[in-house]
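Asks: Enclosed is the structure file start25.cif (mmCIF, C-alpha atoms and all ligand atoms).
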```
data_run
#
loop_
_atom_site.label_atom_id
_atom_site.label_comp_id
_atom_site.auth_asym_id
_atom_site.auth_seq_id
_atom_site.Cartn_x
_atom_site.Cartn_y
_atom_site.Cartn_z
CA MET R 1 195.06 287.21 95.69
CA PRO R 2 197.92 284.81 95.01
CA ASP R 3 200.80 285.83 92.77
CA VAL R 4 200.12 285.09 89.15
CA LEU R 5 202.11 282.03 88.01
CA ASP R 6 203.81 282.08 84.62
CA ALA R 7 203.00 279.15 82.32
CA SER R 8 204.36 280.83 79.21
CA PRO R 9 205.24 279.73 76.58
CA TYR R 10 202.47 277.17 77.19
CA ASP R 11 198.87 278.14 76.54
CA ALA R 12 197.07 274.90 77.50
CA LEU R 13 197.44 271.63 79.38
CA LEU R 14 196.27 268.36 77.85
CA LEU R 15 195.45 265.48 80.19
CA LEU R 16 196.29 262.41 78.11
CA SER R 17 194.95 259.10 79.33
CA PHE R 18 194.10 255.54 78.38
CA GLY R 19 190.30 255.79 78.22
CA GLY R 20 187.84 253.12 79.22
CA PRO R 21 184.32 251.90 78.44
CA GLU R 22 181.33 253.66 80.00
CA GLY R 23 178.74 250.91 79.52
CA PRO R 24 178.30 247.31 78.29
CA ASP R 25 178.05 248.30 74.60
CA ASP R 26 181.43 250.03 74.79
CA VAL R 27 183.43 247.05 76.06
CA VAL R 28 184.13 245.13 72.85
CA PRO R 29 184.89 248.20 70.68
CA PHE R 30 187.11 249.54 73.48
CA LEU R 31 189.07 246.29 73.63
CA GLU R 32 189.40 246.33 69.83
CA ASN R 33 190.90 249.83 70.08
CA VAL R 34 193.32 248.76 72.82
CA THR R 35 194.54 245.63 71.12
CA ARG R 36 194.67 246.68 67.46
CA GLY R 37 197.93 245.24 66.12
CA ARG R 38 199.21 244.18 69.55
CA GLY R 39 198.94 240.41 69.22
CA ILE R 40 197.03 239.64 72.41
CA PRO R 41 195.55 236.09 72.54
CA LYS R 42 191.75 235.87 72.00
CA GLU R 43 191.35 233.99 75.29
CA ARG R 44 192.95 236.81 77.23
CA LEU R 45 190.63 239.34 75.56
CA LYS R 46 187.53 237.32 76.49
CA GLU R 47 188.79 237.16 80.04
CA VAL R 48 189.47 240.91 80.23
CA GLY R 49 186.05 241.64 78.70
CA ARG R 50 184.55 239.59 81.53
CA HIS R 51 186.28 241.85 84.08
CA TYR R 52 184.61 244.90 82.57
CA PHE R 53 181.18 243.24 82.34
CA LEU R 54 181.40 242.32 86.05
CA PHE R 55 181.37 246.06 86.69
CA GLY R 56 178.50 246.87 84.33
CA GLY R 57 180.87 247.52 81.44
CA VAL R 58 182.13 250.65 83.16
CA SER R 59 185.81 251.36 83.78
CA PRO R 60 186.51 253.59 86.76
CA ILE R 61 189.20 255.44 84.81
CA ASN R 62 187.00 258.06 83.14
CA ASP R 63 185.39 259.28 86.36
CA GLN R 64 188.85 259.32 87.93
CA ASN R 65 190.05 261.56 85.13
CA ARG R 66 187.00 263.83 85.46
CA ALA R 67 187.77 264.18 89.17
CA LEU R 68 191.42 264.93 88.35
CA LEU R 69 190.35 267.61 85.83
CA ASP R 70 188.23 269.24 88.55
CA ALA R 71 191.09 269.05 91.05
CA LEU R 72 193.56 270.56 88.56
CA ARG R 73 191.20 273.42 87.61
CA GLU R 74 190.50 274.17 91.26
CA ASP R 75 194.19 274.11 92.19
CA PHE R 76 195.20 276.31 89.22
CA ALA R 77 192.45 278.86 90.01
CA GLU R 78 193.47 278.96 93.66
CA HIS R 79 197.13 279.53 92.82
CA GLY R 80 196.81 281.98 89.96
CA LEU R 81 197.83 279.61 87.19
CA ASP R 82 195.82 280.70 84.19
CA LEU R 83 196.03 277.63 81.98
CA PRO R 84 193.02 275.90 80.39
CA VAL R 85 192.91 272.12 80.86
CA HIS R 86 191.64 269.70 78.20
CA TRP R 87 191.27 265.90 78.20
CA GLY R 88 191.85 263.30 75.49
CA ASN R 89 192.34 259.51 75.47
CA ARG R 90 194.17 256.85 73.49
CA ASN R 91 191.37 254.27 73.39
CA TRP R 92 188.00 255.87 74.10
CA ALA R 93 186.05 259.12 73.91
CA PRO R 94 186.99 261.87 74.32
CA TYR R 95 189.55 260.73 71.73
CA LEU R 96 192.91 262.48 71.63
CA THR R 97 192.61 263.57 67.97
CA ASP R 98 189.19 265.18 68.59
CA THR R 99 190.44 267.01 71.67
CA LEU R 100 193.58 268.20 69.91
CA ARG R 101 191.52 269.45 66.95
CA GLU R 102 189.31 271.46 69.34
CA MET R 103 192.37 272.85 71.08
CA VAL R 104 193.93 273.97 67.79
CA ARG R 105 190.65 275.53 66.65
CA ALA R 106 190.49 277.37 69.99
CA GLY R 107 193.88 278.89 69.11
CA HIS R 108 196.26 276.89 71.31
CA ARG R 109 199.80 276.84 69.90
CA ARG R 110 202.01 275.48 72.72
CA ILE R 111 200.48 272.52 74.49
CA LEU R 112 201.90 270.75 77.52
CA VAL R 113 200.83 267.13 78.07
CA LEU R 114 200.24 265.36 81.38
CA ALA R 115 200.02 261.59 80.81
CA THR R 116 198.30 259.48 83.47
CA SER R 117 201.36 257.29 83.78
CA ALA R 118 204.07 258.19 86.27
CA TYR R 119 206.87 255.90 85.07
CA ALA R 120 209.07 255.25 82.06
CA SER R 121 208.13 252.44 79.63
CA TYR R 122 206.86 251.98 76.11
CA SER R 123 203.23 251.60 77.32
CA GLY R 124 203.40 254.55 79.70
CA CYS R 125 205.49 256.95 77.66
CA ARG R 126 206.42 256.33 74.02
CA GLN R 127 203.03 254.82 73.14
CA TYR R 128 201.41 258.08 74.29
CA ARG R 129 203.97 259.99 72.23
CA GLU R 130 203.05 257.84 69.20
CA ASN R 131 199.40 258.68 69.84
CA LEU R 132 200.33 262.38 69.80
CA ALA R 133 202.19 261.93 66.50
CA ASP R 134 199.18 260.11 65.00
CA ALA R 135 196.87 262.92 66.13
CA LEU R 136 199.18 265.56 64.70
CA ALA R 137 199.34 263.67 61.39
CA ALA R 138 195.55 263.55 61.26
CA LEU R 139 195.26 267.30 61.90
CA GLU R 140 197.93 268.01 59.32
CA ALA R 141 195.95 266.01 56.76
CA GLU R 142 192.95 268.19 57.61
CA GLY R 143 195.01 271.26 56.76
CA LEU R 144 195.22 272.60 60.31
CA GLU R 145 198.26 274.46 61.53
CA LEU R 146 200.03 272.18 63.99
CA PRO R 147 200.66 273.21 67.60
CA ARG R 148 203.94 272.47 69.40
CA ILE R 149 203.57 269.74 71.98
CA ASP R 150 205.75 268.93 74.99
CA LYS R 151 205.19 266.23 77.60
CA LEU R 152 205.78 266.64 81.33
CA ARG R 153 208.56 264.55 82.82
CA HIS R 154 207.86 261.29 84.66
CA TYR R 155 206.60 262.23 88.11
CA PHE R 156 206.97 258.92 90.01
CA ASN R 157 209.36 260.49 92.55
CA HIS R 158 207.58 263.80 93.00
CA PRO R 159 206.46 264.25 96.63
CA GLY R 160 202.92 265.12 95.51
CA PHE R 161 202.67 261.66 93.95
CA VAL R 162 204.44 259.69 96.70
CA GLU R 163 202.96 261.31 99.82
CA PRO R 164 199.31 260.38 99.20
CA MET R 165 200.45 256.76 98.74
CA ILE R 166 202.35 256.85 102.07
CA ASP R 167 199.13 257.97 103.78
CA GLY R 168 197.28 255.20 101.98
CA VAL R 169 199.60 252.45 103.17
CA VAL R 170 199.56 253.79 106.75
CA ARG R 171 195.73 253.81 106.62
CA SER R 172 195.58 250.27 105.26
CA LEU R 173 197.92 249.00 107.97
CA ALA R 174 195.70 250.64 110.59
CA GLU R 175 192.68 248.82 109.13
CA LEU R 176 194.28 245.40 109.57
CA PRO R 177 193.32 243.44 112.68
CA GLU R 178 195.63 244.51 115.50
CA ASP R 179 197.08 241.05 116.12
CA VAL R 180 198.47 240.79 112.56
CA ARG R 181 199.22 244.46 111.90
CA ASP R 182 202.85 244.72 113.02
CA GLY R 183 203.83 241.56 111.16
CA ALA R 184 202.24 242.68 107.90
CA HIS R 185 204.29 242.76 104.70
CA ILE R 186 203.78 245.34 101.97
CA ALA R 187 203.37 244.15 98.36
CA PHE R 188 204.02 247.10 96.07
CA THR R 189 202.35 246.21 92.82
CA THR R 190 202.48 247.46 89.25
CA HIS R 191 201.49 246.44 85.74
CA SER R 192 203.62 243.58 84.46
CA ILE R 193 205.24 244.22 81.08
CA PRO R 194 207.44 241.99 78.90
CA THR R 195 210.94 241.82 80.41
CA SER R 196 212.27 242.98 77.02
CA ALA R 197 210.14 246.14 77.33
CA ALA R 198 211.32 246.66 80.92
CA ASP R 199 214.99 246.32 79.95
CA THR R 200 214.65 249.07 77.32
CA SER R 201 212.35 251.40 79.27
CA GLY R 202 214.04 254.77 79.61
CA PRO R 203 217.53 255.64 78.40
CA VAL R 204 219.27 252.26 78.05
CA GLU R 205 222.66 253.30 79.40
CA ASP R 206 221.21 254.48 82.73
CA HIS R 207 219.81 251.26 84.21
CA GLY R 208 220.50 247.57 84.57
CA ASP R 209 218.13 244.64 84.04
CA GLY R 210 214.53 245.78 84.31
CA GLY R 211 215.50 249.21 83.04
CA ALA R 212 214.07 252.46 84.27
CA TYR R 213 210.66 250.83 84.77
CA VAL R 214 211.80 248.51 87.56
CA ALA R 215 214.32 250.98 89.01
CA GLN R 216 211.71 253.72 89.30
CA HIS R 217 209.16 251.42 90.94
CA LEU R 218 211.77 250.12 93.39
CA GLU R 219 212.61 253.72 94.27
CA VAL R 220 208.97 254.60 94.98
CA ALA R 221 208.48 251.40 96.98
CA LYS R 222 211.52 252.19 99.11
CA LEU R 223 210.45 255.80 99.64
CA ILE R 224 207.03 254.67 100.84
CA ALA R 225 208.38 251.81 102.99
CA ASP R 226 210.90 254.16 104.67
CA ALA R 227 208.24 256.78 105.36
CA VAL R 228 205.84 254.15 106.70
CA ARG R 229 208.54 252.89 109.08
CA GLU R 230 209.06 256.42 110.32
CA ARG R 231 205.34 257.01 110.78
CA THR R 232 204.43 253.69 112.43
CA GLY R 233 207.68 252.75 114.17
CA VAL R 234 207.40 249.29 112.61
CA ASP R 235 209.67 247.87 109.93
CA HIS R 236 207.33 246.18 107.45
CA PRO R 237 209.19 243.91 104.98
CA TRP R 238 208.27 244.66 101.37
CA GLN R 239 208.65 243.46 97.80
CA LEU R 240 207.85 244.79 94.32
CA VAL R 241 205.43 242.45 92.55
CA TYR R 242 203.40 242.51 89.35
CA GLN R 243 199.87 242.08 88.06
CA SER R 244 197.68 242.16 84.95
CA ARG R 245 199.98 240.12 82.73
CA SER R 246 198.75 239.59 79.19
CA GLY R 247 200.50 238.44 76.03
CA ALA R 248 201.50 234.93 74.99
CA PRO R 249 202.66 232.57 77.79
CA HIS R 250 206.05 231.81 76.18
CA ILE R 251 207.11 235.47 76.30
CA PRO R 252 208.73 236.39 79.64
CA TRP R 253 206.98 239.16 81.60
CA LEU R 254 207.98 240.71 84.93
CA GLU R 255 207.26 238.43 87.90
CA PRO R 256 206.17 237.42 90.50
CA ASP R 257 202.45 237.87 90.05
CA ILE R 258 200.61 239.30 93.06
CA CYS R 259 198.51 236.15 93.56
CA ASP R 260 201.58 233.86 93.54
CA HIS R 261 203.24 236.29 95.92
CA LEU R 262 200.31 236.13 98.37
CA GLU R 263 200.49 232.35 98.27
CA GLU R 264 204.23 232.38 98.86
CA ARG R 265 204.00 234.91 101.73
CA HIS R 266 201.23 232.91 103.36
CA ALA R 267 203.25 229.69 103.10
CA ALA R 268 206.19 231.53 104.70
CA GLY R 269 204.02 232.37 107.71
CA VAL R 270 203.46 236.06 106.99
CA PRO R 271 200.30 237.04 108.92
CA ALA R 272 198.96 239.83 106.65
CA VAL R 273 199.72 241.82 103.48
CA VAL R 274 198.99 245.36 102.34
CA MET R 275 198.78 245.58 98.55
CA ALA R 276 199.94 249.01 97.40
CA PRO R 277 199.20 249.63 93.67
CA ILE R 278 201.98 252.17 93.08
CA GLY R 279 201.97 251.57 89.30
CA PHE R 280 198.50 253.06 88.85
CA VAL R 281 197.79 256.77 89.08
CA SER R 282 194.14 256.12 89.90
CA ASP R 283 191.66 253.27 90.35
CA HIS R 284 191.78 251.49 87.02
CA MET R 285 190.04 248.24 86.15
CA GLU R 286 193.34 246.53 86.99
CA VAL R 287 192.92 247.75 90.57
CA LEU R 288 189.20 246.93 90.85
CA TYR R 289 189.46 243.52 89.25
CA ASP R 290 193.01 242.19 89.50
CA LEU R 291 193.51 243.35 93.11
CA ASP R 292 190.11 244.01 94.73
CA THR R 293 188.46 241.00 93.13
CA GLU R 294 191.00 238.37 92.10
CA ALA R 295 193.79 238.92 94.64
CA GLU R 296 191.24 239.47 97.44
CA ALA R 297 189.62 236.14 96.55
CA LYS R 298 193.01 234.43 96.60
CA ALA R 299 193.72 235.93 100.03
CA ALA R 300 190.31 234.87 101.35
CA GLU R 301 190.95 231.33 100.10
CA LEU R 302 194.27 231.33 101.96
CA GLY R 303 192.77 232.92 105.07
CA LEU R 304 195.33 235.71 104.73
CA PRO R 305 194.17 239.16 105.89
CA VAL R 306 194.91 241.75 103.15
CA ARG R 307 194.11 245.41 102.50
CA ARG R 308 194.52 247.33 99.25
CA SER R 309 195.82 250.85 99.74
CA ALA R 310 194.50 253.89 97.88
CA THR R 311 195.77 255.17 94.55
CA VAL R 312 196.66 258.86 94.23
CA GLY R 313 193.62 259.73 92.08
CA ALA R 314 192.54 263.36 92.44
CA ASP R 315 194.38 264.02 95.71
CA PRO R 316 194.94 267.80 96.03
CA ARG R 317 198.64 267.15 96.63
CA PHE R 318 198.88 265.52 93.21
CA ALA R 319 197.07 268.45 91.59
CA ALA R 320 199.56 270.77 93.31
CA ALA R 321 202.43 268.62 92.03
CA VAL R 322 201.14 268.95 88.47
CA ARG R 323 201.01 272.74 88.91
CA GLU R 324 204.61 272.72 90.17
CA LEU R 325 205.70 270.53 87.25
CA ILE R 326 204.07 272.92 84.78
CA VAL R 327 205.63 276.02 86.31
CA GLU R 328 209.02 274.25 86.45
CA ARG R 329 208.87 273.13 82.81
CA ALA R 330 207.61 276.50 81.58
CA ALA R 331 210.51 278.26 83.31
CA ALA R 332 212.97 275.78 81.80
CA GLU R 333 211.49 276.42 78.34
CA ARG R 334 212.01 280.16 78.92
CA GLY R 335 215.67 279.40 79.62
CA GLN R 336 215.51 280.05 83.37
CA ASP R 337 217.32 278.08 86.05
CA VAL R 338 214.87 275.87 87.91
CA THR R 339 214.90 273.53 90.88
CA ARG R 340 213.37 270.23 89.84
CA CYS R 341 211.77 268.64 92.85
CA ALA R 342 212.28 264.89 93.35
CA LEU R 343 212.54 262.54 96.33
CA GLY R 344 215.11 259.77 96.66
CA THR R 345 218.29 259.16 94.71
CA LEU R 346 217.28 258.79 91.04
CA GLY R 347 216.80 262.51 90.55
CA ALA R 348 214.24 264.31 88.40
CA SER R 349 213.55 262.53 85.11
CA HIS R 350 214.43 264.01 81.69
CA ASN R 351 212.18 266.75 80.27
CA LEU R 352 212.68 265.49 76.74
CA CYS R 353 212.74 261.74 76.04
CA PRO R 354 216.11 261.04 74.38
CA VAL R 355 216.44 259.30 71.02
CA GLY R 356 215.81 255.57 71.39
CA CYS R 357 214.10 255.92 74.80
CA CYS R 358 211.58 253.12 75.51
CA PRO R 359 211.56 251.88 71.90
CA ALA R 360 208.60 250.23 70.17
CA ARG R 361 208.92 246.78 68.59
CA ALA R 362 208.34 248.39 65.21
CA PRO R 363 209.57 251.99 64.98
CA ARG R 364 206.81 254.57 64.47
CA PRO R 365 206.82 258.37 64.64
CA ALA R 366 206.53 259.72 68.19
CA ALA R 367 205.96 263.37 69.07
CA ALA R 368 207.22 265.32 72.11
CA GLY R 369 210.66 263.72 72.28
CA ALA R 370 214.15 264.27 70.88
CA ASP R 371 213.28 262.02 67.92
CA SER R 372 209.99 263.77 67.13
CA PRO R 373 209.45 264.56 63.43
CA TYR R 374 207.38 267.56 64.59
CA ALA R 375 208.73 270.87 65.84
C1 LIG H 1 202.57 249.67 81.78
C2 LIG H 1 201.09 249.69 81.52
C3 LIG H 1 200.16 250.57 82.02
C4 LIG H 1 200.44 251.71 82.97
C5 LIG H 1 200.78 252.95 82.23
C6 LIG H 1 199.57 253.64 81.62
O1 LIG H 1 198.65 253.97 82.37
O2 LIG H 1 199.54 253.84 80.40
C7 LIG H 1 198.89 250.22 81.48
C8 LIG H 1 197.69 250.89 81.73
C9 LIG H 1 196.38 250.47 81.37
N1 LIG H 1 196.05 249.32 80.69
C10 LIG H 1 194.67 249.30 80.57
C11 LIG H 1 193.95 248.30 79.91
C12 LIG H 1 194.49 247.32 79.12
N2 LIG H 1 195.84 247.07 78.92
C13 LIG H 1 196.00 246.00 78.04
C14 LIG H 1 197.22 245.46 77.61
C15 LIG H 1 198.52 245.83 78.03
N3 LIG H 1 198.83 246.79 78.98
C16 LIG H 1 200.23 246.87 79.09
C17 LIG H 1 200.95 247.71 79.94
C18 LIG H 1 200.38 248.77 80.65
N4 LIG H 1 199.03 249.12 80.67
C19 LIG H 1 200.80 245.91 78.20
C20 LIG H 1 202.27 245.69 78.01
C21 LIG H 1 199.74 245.27 77.54
C22 LIG H 1 199.86 244.19 76.52
C23 LIG H 1 199.51 244.66 75.14
C24 LIG H 1 200.29 245.85 74.68
O3 LIG H 1 201.53 245.75 74.54
O4 LIG H 1 199.66 246.89 74.43
C25 LIG H 1 194.70 245.55 77.67
C26 LIG H 1 194.41 244.43 76.71
C27 LIG H 1 193.95 243.23 77.43
C28 LIG H 1 195.02 242.70 78.36
O5 LIG H 1 195.91 242.08 77.82
O6 LIG H 1 194.94 242.94 79.56
C29 LIG H 1 193.78 246.35 78.36
C30 LIG H 1 192.26 246.25 78.33
C31 LIG H 1 194.12 250.47 81.20
C32 LIG H 1 192.64 250.83 81.30
C33 LIG H 1 192.12 250.26 82.57
C34 LIG H 1 190.71 250.67 82.87
O7 LIG H 1 189.82 250.51 82.04
O8 LIG H 1 190.47 251.16 84.00
C35 LIG H 1 195.18 251.19 81.69
C36 LIG H 1 195.14 252.50 82.43
FE FE H 2 210.32 257.64 77.41
#
```
Starting from the file, give its structure as structure tokens.
Replies:
Amino acid sequence: MPDVLDASPYDALLLLSFGGPEGPDDVVPFLENVTRGRGIPKERLKEVGRHYFLFGGVSPINDQNRALLDALREDFAEHGLDLPVHWGNRNWAPYLTDTLREMVRAGHRRILVLATSAYASYSGCRQYRENLADALAALEAEGLELPRIDKLRHYFNHPGFVEPMIDGVVRSLAELPEDVRDGAHIAFTTHSIPTSAADTSGPVEDHGDGGAYVAQHLEVAKLIADAVRERTGVDHPWQLVYQSRSGAPHIPWLEPDICDHLEERHAAGVPAVVMAPIGFVSDHMEVLYDLDTEAEAKAAELGLPVRRSATVGADPRFAAAVRELIVERAAAERGQDVTRCALGTLGASHNLCPVGCCPARAPRPAAAGADSPYA
């Protein structure tokens, strides 16, 4: 029997994710949930709806989260971590508020949240914290006693997140035709966000232009590229690029776009590209459509050999990383000294988002941070 791990004071883990449609009838109401009050052009919404319909109206994200739940439960059982795991989403069933209500009714009082976003930014951090505040407000209005909620730190530089992606890039390089393999470039790709949101992602004083969002992605890209060089003996040039831009055209978003990048690399004589979607914890629609469909078509048109490397998904090393993050945070909450594991030079991210971290355009209550109105 393994030693019993101590998760106290926490009594449950909540996997908090984006949610996605599970059939054609879900697509429009899902997109209405996502875009409520966010000012996304109608044309863009029609286009994104088309992406979902191409795949039968089913986003891969829910099955990915079900697989992650299984992997977490299996890992916790194997390692003596007795912590129930629940799942709730921002935009689709199971909805966060419903899950939180069930958790409170089941007697959970100290809940730790794992968000399926590894990096700092409004979309990947504070927006989830706003969702938690909204859910708490709803439960309060129902007369329920509110639990205390904390959120796990950003895990972009945890080895259990980075190592599966190193394997993925090495595998994708090996799949390229031999005559273009050694000359291949790596395009590390992530969700584009408005440059204004990037600049204010994370504590403002800590980063330059592009904020924590760009700095953290550059760190992961470098960690992977260095490890790939060590594993293959080949120095593959790389760049951080972006995908899935939305919003109005006159608002600047992070660039270059992956498709423009493929064009530019091809024109520069680069013989092949591996696209590594480091910004996505698992296979989202952005991976299936924007990379596997759209960028692949662009590459085919150019005659440029490309491979898309695997996302982390339910890799057992990621499940183990989540267990380590929980044990680490629980010990810190109990006032113990802990080693906080992180690769590279940025160090382990903050446990508690500081005041003003990744601000929204219009300030709204956000839970699980230093500026939370809840205990
Ligand atoms: C940084 C980031 C992440 C990563 C962090 C995280 O994981 O949270 C992420 C994840 C996701 N984004 C997703 C889907 C969508 N995102 C949209 C819109 C937007 N995303 C943004 C940013 C991000 N998004 C932004 C700045 C917008 C503009 C509007 C706004 O400011 O809110 C829209 C509206 C249409 C469009 O404009 O594309 C959709 C449908 C799905 C589900 C995919 C699936 O079904 O598999 C997932 C996991
Ligand atoms: Fe934050």
Asks: To one decimal place, how far is atom CA of Leu132 of chain R from atom CA of Leu100 of chain R in Å?
Replies: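 Calculated distance between atom CA of Leu132 of chain R and atom CA of Leu100 of chain R is 8.9 Å.
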Asks: Nearest to ligand FE 2 (chain H) among R:Ala187, R:Leu15, R:Leu54, R:Cys125, with distances taken over all atoms listed in the file: which residue is it?
Replies: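 Checking each candidate against ligand FE 2 (chain H), we get R:Cys125 as the closest.
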Asks: Neighbours of Trp238 of chain R within 7 Å (only C-alpha atoms; same-chain residues fewer than 2 positions away dropped), as a list in words?
Replies: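 Neighbouring residues, sequence-local ones excluded: His185, Ile186, Ala187 and His236 of chain R.
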Asks: Let me make sure I understand: among R:Ile193, R:Ala12, R:Val273, R:Leu69, which one has the smallest atom-to-atom distance to ligand LIG 1 (chain H) if we use all atoms listed in the file?
Replies: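 When distances to ligand LIG 1 (chain H) are compared using all atoms listed in the file, the smallest one comes from R:Ile193.
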Asks: Return the single residue from R:Lys42, R:Ile258, R:Arg265, R:Tyr10 that is closest to Ala184 of chain R, with distances computed using only C-alpha atoms.
Replies: R:Arg265
Asks: Go ahead and compute the interatomic distance for atom C15 of ligand LIG 1 (chain H) and atom CA of Thr189 of chain R, in Å to one decimal.
Replies: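 Here the two named atoms are 15.3 Å from each other.
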Asks: Got a sec: who's within 12 Å of Asp283 of chain R, counting all atoms listed in the file, leaving out chain neighbours fewer than 5 positions off, as a PyMOL selection string?
Replies: chain R and resi 20+59-65+67-68+116+276-278+288-292+308-314
Asks: Convert the current residue selection to file output with C-alpha atoms, as a compact mmCIF listing (two decimals), keeping the file's coordinate frame.
Replies:
```txt
# COMPACT_ATOMS: atom_id res chain seq x y z
CA GLY R 20 187.84 253.12 79.22
CA SER R 59 185.81 251.36 83.78
CA PRO R 60 186.51 253.59 86.76
CA ILE R 61 189.20 255.44 84.81
CA ASN R 62 187.00 258.06 83.14
CA ASP R 63 185.39 259.28 86.36
CA GLN R 64 188.85 259.32 87.93
CA ASN R 65 190.05 261.56 85.13
CA ALA R 67 187.77 264.18 89.17
CA LEU R 68 191.42 264.93 88.35
CA THR R 116 198.30 259.48 83.47
CA ALA R 276 199.94 249.01 97.40
CA PRO R 277 199.20 249.63 93.67
CA ILE R 278 201.98 252.17 93.08
CA LEU R 288 189.20 246.93 90.85
CA TYR R 289 189.46 243.52 89.25
CA ASP R 290 193.01 242.19 89.50
CA LEU R 291 193.51 243.35 93.11
CA ASP R 292 190.11 244.01 94.73
CA ARG R 308 194.52 247.33 99.25
CA SER R 309 195.82 250.85 99.74
CA ALA R 310 194.50 253.89 97.88
CA THR R 311 195.77 255.17 94.55
CA VAL R 312 196.66 258.86 94.23
CA GLY R 313 193.62 259.73 92.08
CA ALA R 314 192.54 263.36 92.44
```
